[in-house]
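Here is upload-v2.txt, consisting of compact mmCIF, C-alpha atoms:
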# COMPACT_ATOMS: atom_id res chain seq x y z
CA MET D 529 -46.61 2.05 5.74
CA PRO D 530 -44.18 2.43 2.83
CA LYS D 531 -41.90 -0.51 2.31
CA LYS D 532 -38.23 -0.02 3.12
CA LYS D 533 -35.91 -0.18 0.16
CA ALA D 534 -33.75 -3.28 0.07
CA VAL D 535 -30.10 -2.49 0.71
CA ALA D 536 -27.69 -4.29 -1.59
CA PRO D 537 -25.11 -6.36 0.32
CA SER D 538 -21.63 -4.88 0.46
CA PRO D 539 -19.10 -6.55 -1.88
CA PHE D 540 -16.59 -6.57 0.97
CA PRO D 541 -16.96 -7.20 4.73
CA ASP D 542 -17.64 -4.03 6.70
CA THR D 543 -16.78 -5.48 10.12
CA LEU D 544 -14.54 -8.20 11.51
CA LEU D 545 -17.62 -10.24 12.45
CA ASP D 546 -18.83 -9.96 8.85
CA ALA D 547 -15.41 -11.07 7.55
CA VAL D 548 -15.32 -14.13 9.83
CA ARG D 549 -18.87 -15.14 8.89
CA ARG D 550 -18.42 -14.50 5.18
CA PHE D 551 -15.15 -16.41 4.85
CA ALA D 552 -15.85 -19.23 7.31
CA ASP D 553 -16.43 -21.53 4.34
CA PRO D 554 -13.01 -22.17 2.68
CA GLN D 555 -14.66 -22.47 -0.75
CA VAL D 556 -16.36 -19.08 -0.41
CA ALA D 557 -13.08 -17.50 0.73
CA HIS D 558 -11.24 -19.14 -2.17
CA ASP D 559 -13.79 -17.90 -4.73
CA HIS D 560 -13.61 -14.39 -3.26
CA PHE D 561 -9.87 -14.12 -3.87
CA VAL D 562 -10.30 -15.58 -7.36
CA LYS D 563 -12.66 -12.66 -8.15
CA VAL D 564 -10.22 -10.15 -6.63
CA ARG D 565 -7.25 -11.50 -8.60
CA TRP D 566 -9.11 -11.94 -11.91
CA PRO D 567 -12.01 -9.45 -11.75
CA ASP D 568 -12.81 -9.89 -15.46
CA GLY D 569 -13.23 -13.64 -14.98
CA LYS D 570 -10.34 -14.51 -17.33
CA VAL D 571 -8.07 -16.77 -15.32
CA ALA D 572 -4.51 -16.59 -16.68
CA CYS D 573 -1.60 -18.94 -16.02
CA PRO D 574 0.74 -17.17 -13.55
CA ARG D 575 3.79 -18.75 -15.15
CA ASP D 576 5.75 -17.29 -18.06
CA CYS D 577 3.24 -18.38 -20.71
CA GLY D 578 0.44 -16.23 -19.26
CA SER D 579 -2.12 -18.26 -21.23
CA VAL D 580 -5.87 -17.95 -20.64
CA ASN D 581 -6.39 -21.37 -22.24
CA VAL D 582 -6.96 -23.03 -18.88
CA GLU D 583 -9.38 -25.56 -17.42
CA TYR D 584 -10.65 -25.49 -13.84
CA MET D 585 -10.58 -28.66 -11.74
CA PRO D 586 -13.06 -27.92 -8.91
CA LYS D 587 -12.24 -31.08 -6.96
CA TYR D 588 -8.68 -29.83 -6.37
CA ARG D 589 -9.33 -26.06 -6.59
CA ARG D 590 -6.68 -25.69 -9.26
CA TRP D 591 -6.39 -25.02 -12.97
CA TYR D 592 -4.69 -26.89 -15.79
CA CYS D 593 -2.91 -24.83 -18.45
CA ARG D 594 -3.29 -26.41 -21.88
CA ASP D 595 -0.32 -24.47 -23.29
CA CYS D 596 2.46 -25.11 -20.74
CA ARG D 597 0.67 -28.24 -19.43
CA GLY D 598 1.22 -27.18 -15.84
CA GLN D 599 -1.18 -26.95 -12.94
CA PHE D 600 -1.60 -23.96 -10.65
CA THR D 601 -3.77 -22.67 -7.83
CA VAL D 602 -4.95 -19.14 -7.18
CA LYS D 603 -2.12 -18.79 -4.64
CA VAL D 604 0.68 -19.21 -7.20
CA GLY D 605 2.36 -15.90 -7.96
CA THR D 606 0.98 -14.16 -4.86
CA ILE D 607 1.99 -13.64 -1.24
CA PHE D 608 -0.03 -16.77 -0.40
CA GLU D 609 2.09 -19.13 -2.54
CA ASP D 610 3.19 -22.33 -0.77
CA SER D 611 1.16 -21.43 2.31
CA PRO D 612 -0.76 -24.33 3.91
CA ILE D 613 -3.04 -21.80 5.61
CA GLY D 614 -6.49 -21.60 3.98
CA PHE D 615 -8.17 -18.42 2.79
CA ASP D 616 -10.70 -18.79 5.61
CA LYS D 617 -7.85 -17.61 7.91
CA TRP D 618 -5.87 -15.48 5.47
CA LEU D 619 -8.71 -13.13 4.56
CA PRO D 620 -9.75 -12.24 8.15
CA ALA D 621 -6.05 -11.66 8.88
CA VAL D 622 -5.84 -9.19 5.97
CA TRP D 623 -8.99 -7.45 7.23
CA LEU D 624 -7.54 -7.13 10.75
CA ILE D 625 -4.21 -5.53 9.83
CA ALA D 626 -5.76 -3.25 7.20
CA SER D 627 -8.37 -1.86 9.59
CA ASN D 628 -6.44 -1.44 12.86
CA ARG D 629 -4.77 1.96 13.09
CA ASN D 630 -2.02 0.74 15.40
CA GLY D 631 -1.49 -2.61 13.70
CA VAL D 632 -1.92 -6.16 14.99
CA SER D 633 0.76 -8.10 16.84
CA SER D 634 1.65 -11.65 15.85
CA CYS D 635 0.60 -12.92 19.28
CA GLU D 636 -2.81 -11.29 18.93
CA LEU D 637 -3.32 -12.67 15.42
CA ALA D 638 -2.17 -16.14 16.51
CA ARG D 639 -4.85 -16.22 19.21
CA ALA D 640 -7.52 -14.78 16.89
CA ILE D 641 -7.19 -17.30 14.03
CA HIS D 642 -5.69 -20.20 16.01
CA VAL D 643 -2.21 -20.53 14.50
CA THR D 644 1.24 -20.44 16.08
CA GLN D 645 2.93 -17.11 16.79
CA LYS D 646 5.67 -17.92 14.28
CA THR D 647 3.08 -18.57 11.57
CA ALA D 648 1.20 -15.38 12.41
CA TRP D 649 4.46 -13.37 12.28
CA PHE D 650 5.22 -14.73 8.79
CA MET D 651 1.63 -14.06 7.66
CA LEU D 652 1.78 -10.43 8.80
CA HIS D 653 5.03 -9.81 6.93
CA ARG D 654 3.51 -11.25 3.77
CA ILE D 655 0.47 -8.99 4.13
CA ARG D 656 2.75 -5.97 4.61
CA GLU D 657 4.48 -6.99 1.39
CA ALA D 658 1.08 -6.77 -0.32
CA MET D 659 0.40 -3.34 1.22
CA ALA D 660 3.60 -1.86 -0.23
CA ASN D 661 3.07 0.14 -3.42
CA PRO D 662 6.22 0.47 -5.57
CA HIS D 663 4.49 2.69 -8.16
CA TYR D 664 3.74 5.85 -6.18
CA GLU D 665 3.35 9.03 -8.22
CA PRO D 666 5.35 12.13 -7.19
CA LEU D 667 3.51 14.43 -4.80
CA GLY D 668 2.59 18.04 -5.55
CA GLY D 669 1.27 21.04 -3.64
CA ILE D 670 2.66 21.82 -0.19
CA ILE D 671 5.01 19.04 0.94
CA GLU D 672 6.52 18.50 4.38
CA ALA D 673 9.72 16.45 4.71
CA ASP D 674 11.48 15.32 7.87
CA GLU D 675 13.42 12.40 9.29
CA THR D 676 13.09 10.51 12.54
CA TYR D 677 15.01 7.77 14.32
CA VAL D 678 13.58 4.43 15.42
CA GLY D 679 15.25 2.22 18.04
CA GLY D 680 15.90 1.73 21.72
CA LYS D 681 17.50 4.27 24.01
CA ARG D 682 20.95 3.49 25.40
CA GLU D 683 19.83 4.22 28.95
CA PHE D 684 17.47 1.22 28.80
CA MET D 685 19.98 -1.17 27.18
CA HIS D 686 21.96 -3.89 28.87
CA PRO D 687 25.29 -2.47 30.14
CA LYS D 688 27.30 -4.80 27.87
CA LYS D 689 25.44 -3.69 24.76
CA ARG D 690 25.72 -0.05 25.81
CA ARG D 691 29.50 -0.34 26.21
CA ARG D 692 29.84 -2.13 22.86
CA LEU D 693 27.97 0.65 21.05
CA ALA D 694 30.11 3.28 22.79
CA GLU D 695 33.32 1.48 21.78
CA GLU D 696 32.17 1.17 18.16
CA GLN D 697 31.01 4.82 18.20
CA ARG D 698 27.74 4.01 16.47
CA ASN D 699 24.04 4.49 17.11
CA GLU D 700 21.58 1.63 17.39
CA LYS D 701 18.76 3.72 15.91
CA THR D 702 17.56 3.50 12.30
CA ALA D 703 16.65 6.61 10.29
CA VAL D 704 13.26 6.88 8.56
CA MET D 705 12.51 9.62 6.03
CA GLY D 706 8.94 10.91 5.82
CA ILE D 707 7.31 13.01 3.07
CA VAL D 708 3.72 14.12 3.64
CA GLN D 709 1.49 16.13 1.33
CA ARG D 710 -0.81 18.73 2.89
CA ASN D 711 -4.56 18.21 2.44
CA THR D 712 -5.93 19.63 -0.80
CA PRO D 713 -9.48 20.48 -2.00
CA GLU D 714 -9.38 17.22 -3.96
CA GLY D 715 -8.81 15.10 -0.86
CA LYS D 716 -6.51 14.16 1.97
CA GLY D 717 -2.77 14.44 1.42
CA LYS D 718 -0.68 11.34 0.80
CA ALA D 719 2.50 10.12 2.47
CA ARG D 720 5.73 8.48 1.38
CA ALA D 721 8.14 7.03 3.94
CA PHE D 722 11.24 4.86 3.72
CA VAL D 723 14.22 3.69 5.73
CA VAL D 724 17.43 5.54 4.90
CA PRO D 725 20.87 3.93 5.42
CA PHE D 726 22.47 7.28 6.28
CA VAL D 727 21.31 10.87 6.68
CA GLU D 728 23.35 12.88 4.18
CA SER D 729 22.43 15.76 1.90
CA PRO D 730 23.04 14.11 -1.53
CA PHE D 731 21.13 10.94 -0.61
CA LEU D 732 18.12 12.75 0.90
CA LYS D 733 18.04 15.22 -1.98
CA ARG D 734 17.82 12.44 -4.56
CA ALA D 735 15.15 10.65 -2.51
CA ILE D 736 13.01 13.79 -2.29
CA GLN D 737 13.45 14.65 -5.98
CA LYS D 738 12.21 11.17 -6.86
CA ARG D 739 9.03 11.51 -4.78
CA VAL D 740 8.18 15.22 -5.04
CA ARG D 741 7.23 17.19 -8.15
CA ALA D 742 9.50 20.07 -9.17
CA ASP D 743 6.67 22.63 -8.86
CA ALA D 744 5.88 21.64 -5.25
CA GLU D 745 6.43 23.90 -2.24
CA LEU D 746 8.69 22.12 0.25
CA HIS D 747 8.70 22.70 4.02
CA THR D 748 11.46 21.26 6.22
CA ASP D 749 13.22 22.03 9.48
CA ALA D 750 16.58 23.82 9.63
CA ALA D 751 18.77 20.69 9.42
CA THR D 752 21.90 21.29 7.34
CA TRP D 753 21.22 18.40 4.93
CA TYR D 754 18.10 20.19 3.61
CA LYS D 755 19.85 23.42 2.62
CA SER D 756 20.67 22.31 -0.92
CA LEU D 757 16.96 21.73 -1.67
CA SER D 758 16.50 25.48 -2.19
CA ARG D 759 18.14 25.15 -5.61
CA ASP D 760 15.45 22.78 -6.90
CA PHE D 761 12.28 23.65 -4.94
CA LYS D 762 10.45 26.57 -3.43
CA HIS D 763 11.86 25.78 -0.01
CA SER D 764 10.65 27.15 3.34
CA VAL D 765 12.36 26.39 6.64
CA ILE D 766 11.09 26.27 10.22
CA ASN D 767 13.78 26.40 12.93
CA HIS D 768 12.98 24.10 15.84
CA HIS D 769 16.23 24.96 17.63
CA ILE D 770 14.87 28.39 18.56
CA HIS D 771 11.50 26.90 19.52
CA GLU D 772 9.90 27.94 16.25
CA TYR D 773 7.17 25.49 15.22
CA VAL D 774 4.65 27.42 13.11
CA MET D 775 5.43 30.51 11.06
CA GLY D 776 2.43 31.53 8.99
CA ASN D 777 1.76 28.56 6.71
CA VAL D 778 5.21 27.03 7.25
CA HIS D 779 5.44 24.04 9.56
CA THR D 780 6.17 20.29 9.61
CA ASN D 781 3.29 19.28 11.89
CA SER D 782 1.71 16.92 9.34
CA VAL D 783 4.79 14.75 8.86
CA GLU D 784 5.45 14.78 12.60
CA GLY D 785 1.89 13.59 13.15
CA PHE D 786 2.57 10.71 10.78
CA PHE D 787 5.74 9.84 12.72
CA SER D 788 3.78 9.96 15.97
CA VAL D 789 1.35 7.26 14.80
CA LEU D 790 4.22 5.22 13.32
CA LYS D 791 6.18 5.24 16.59
CA ARG D 792 3.08 4.49 18.63
CA THR D 793 2.56 1.42 16.44
CA LEU D 794 6.20 0.30 16.68
CA LYS D 795 6.52 0.85 20.43
CA GLY D 796 3.03 -0.16 21.54
CA THR D 797 2.10 -3.04 19.20
CA TYR D 798 5.26 -4.42 17.62
CA VAL D 799 7.61 -3.47 20.50
CA ALA D 800 11.00 -4.24 18.90
CA PRO D 801 11.04 -4.69 15.10
CA ARG D 802 14.43 -5.54 13.61
CA PRO D 803 15.99 -2.85 11.38
CA LYS D 804 16.04 -5.22 8.39
CA HIS D 805 12.23 -5.59 8.66
CA LEU D 806 11.51 -1.95 9.45
CA GLN D 807 10.64 -0.92 5.87
CA ARG D 808 7.65 -3.29 5.82
CA TYR D 809 6.31 -1.84 9.07
CA VAL D 810 6.70 1.64 7.55
CA GLU D 811 4.87 0.55 4.38
CA GLU D 812 2.02 -0.79 6.52
CA GLN D 813 1.59 2.61 8.20
CA VAL D 814 1.85 4.45 4.85
CA PHE D 815 -0.92 2.24 3.46
CA ARG D 816 -3.30 3.03 6.31
CA PHE D 817 -2.39 6.74 6.29
CA ASN D 818 -3.11 7.07 2.57
CA ALA D 819 -6.42 5.24 3.03
CA ARG D 820 -7.49 7.08 6.20
CA GLU D 821 -10.58 8.54 4.48
CA TRP D 822 -11.90 5.05 3.78
CA LYS D 823 -13.98 2.94 6.11
CA ASP D 824 -12.41 -0.16 7.66
CA GLY D 825 -13.98 -2.52 5.15
CA GLU D 826 -12.89 -0.42 2.18
CA ARG D 827 -9.21 -0.88 2.99
CA PHE D 828 -9.59 -4.67 2.84
CA PRO D 829 -10.00 -5.11 -0.96
CA SER D 830 -7.15 -2.66 -1.63
CA ALA D 831 -4.76 -4.62 0.60
CA LEU D 832 -5.95 -7.92 -0.86
CA ALA D 833 -5.52 -6.74 -4.46
CA GLY D 834 -1.85 -5.96 -3.72
CA ALA D 835 -1.16 -9.65 -3.07
CA ASP D 836 -0.94 -10.44 -6.78
CA GLY D 837 2.53 -10.52 -8.36
CA LYS D 838 4.41 -10.52 -5.04
CA ARG D 839 6.02 -13.31 -3.10
CA LEU D 840 7.93 -13.42 0.16
CA THR D 841 9.58 -16.67 1.19
CA TYR D 842 10.57 -17.42 4.76
CA LYS D 843 14.18 -17.87 3.66
CA ARG D 844 14.29 -14.35 2.19
CA LEU D 845 12.50 -12.93 5.21
CA ILE D 846 15.03 -14.16 7.78
CA GLU D 847 18.21 -13.94 5.71
CA LYS D 848 20.98 -11.76 7.10
CA HIS D 849 21.54 -8.42 5.35
Using structure tokens, write down the structure that the file contains.
Amino acid sequence: MPKKKAVAPSPFPDTLLDAVRRFADPQVAHDHFVKVRWPDGKVACPRDCGSVNVEYMPKYRRWYCRDCRGQFTVKVGTIFEDSPIGFDKWLPAVWLIASNRNGVSSCELARAIHVTQKTAWFMLHRIREAMANPHYEPLGGIIEADETYVGGKREFMHPKKRRRLAEEQRNEKTAVMGIVQRNTPEGKGKARAFVVPFVESPFLKRAIQKRVRADAELHTDAATWYKSLSRDFKHSVINHHIHEYVMGNVHTNSVEGFFSVLKRTLKGTYVAPRPKHLQRYVEEQVFRFNAREWKDGERFPSALAGADGKRLTYKRLIEKH
């Protein structure tokens, strides 16, 4: 019988079981993130000097910079900085949130890696910070844009809170703008989404112009704040008020599908995210949507690579806006 060809091991864990087994040893988990952060093997000081003239001290898992004479670990300058949690727990946590379509609650993560719920909640927000990509390129082709509102319904609120909102004449919901690119022959369309402080024509117009190329074809509903977009884009409108949902190639079903998964995640997994944290939950869903062609394990290195150059302290996380 012909011998079976040996299959090379995957550079990243394909399953949760593989991630737990692979990173059970803290040293192996530590070395894995070192390779992700410095893939060329040139460890650089994360402080202002940026020197590569460093010496590794394996006993303490840290480096000594000969130029600034400071010491640093691989966590410095990343979302993991000042965290007492080891990489043997951090890396499976990154794998979990990157692979689960509807997210992972802090209670579920706390039970899975044996930490407190408060610690797991802080860990998840740091991982969402790594998932956020501030350098998105503008989208082209056929683009769908729409807005949705996230928050509780007044009919389910406590009577005191309901009366207070009525007296202040304000809504408890938070607006989220979504921009989704239709699938192209080159691959699946990408998404951009962000929390908007107010739904007004000038603000939404500037936000769309920043994220959509001028030669794109834009599809929206018949809301009044989208009317001015016809001056800058090839703009098609679908009128939902007269029960019009698809007219030829014009519709907003793709962006509404994105909102459907986002709301299912917020209502079913996270239950009641605060408005000041909502953007990170949105970024988490955008990350998974844009990587939906990938297998579960393939999302893991992308999320982990985003940890470099970002930091989220607990003080900044809970501060009042």
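For the residues D:Tyr842, D:Val678, D:Lys848, D:Asp568, ranking by smallest atom-to-atom distance to Thr647 (chain D) using only C-alpha atoms places D:Tyr842 first.
Each of D:Ser729, D:Ser764, D:Asn781, D:Thr793 was compared to Ala750 (chain D) using all atoms listed in the file, and D:Ser764 turns out to be the nearest.
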(request) Excluding Arg656 (chain D) and residues on its chain fewer than 4 positions from it, collect all residues at most 9 Å away from it, counting all atoms listed in the file, and give them as JSON, numbers by chain. (result) {"D": [625, 651, 652, 660, 808, 809, 811, 812, 831]}
(message) List as an MDAnalysis selection string the protein and nucleic acid residues near Phe608 (chain D), meaning an atom at most 12 Å away when only C-alpha atoms are counted, but skip any in the same chain fewer than 4 places from it.
(response) chainID D and resid 558 561 601:604 612:615 617:619 622 650:655 657:658 832 834:842
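Within the 12 Å cut-off around Glu665 (chain D), using all atoms listed in the file and omitting residues fewer than 4 positions from it on the same chain, the listed residues are Asn661, Lys718, Ala719, Arg720, Gln737, Lys738, Arg739, Val740 and Arg741 of chain D.
Coordinates place CA of Val810 (chain D) at a distance of 15.9 Å from CA of Trp649 (chain D).
Picture a line from CA of Pro574 (chain D) to CA of Pro662 (chain D); it runs 20.1 Å.
Near (1.3, 11.4, 8.9), the residues that fall inside 9 Å on the basis of only C-alpha atoms are D:Gly706, D:Ile707, D:Val708, D:Gln709, D:Lys718, D:Ala719, D:Asn781, D:Ser782, D:Val783, D:Glu784, D:Gly785, D:Phe786, D:Phe787, D:Ser788, D:Val789, D:Leu790, D:Gln813, D:Val814, D:Phe817, D:Asn818.
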(message) Considering all atoms listed in the file, can you say which of D:Ser627, D:Ser611, D:Asn777, D:Thr797 comes closest to Gly825 (chain D)?
(response) D:Ser627
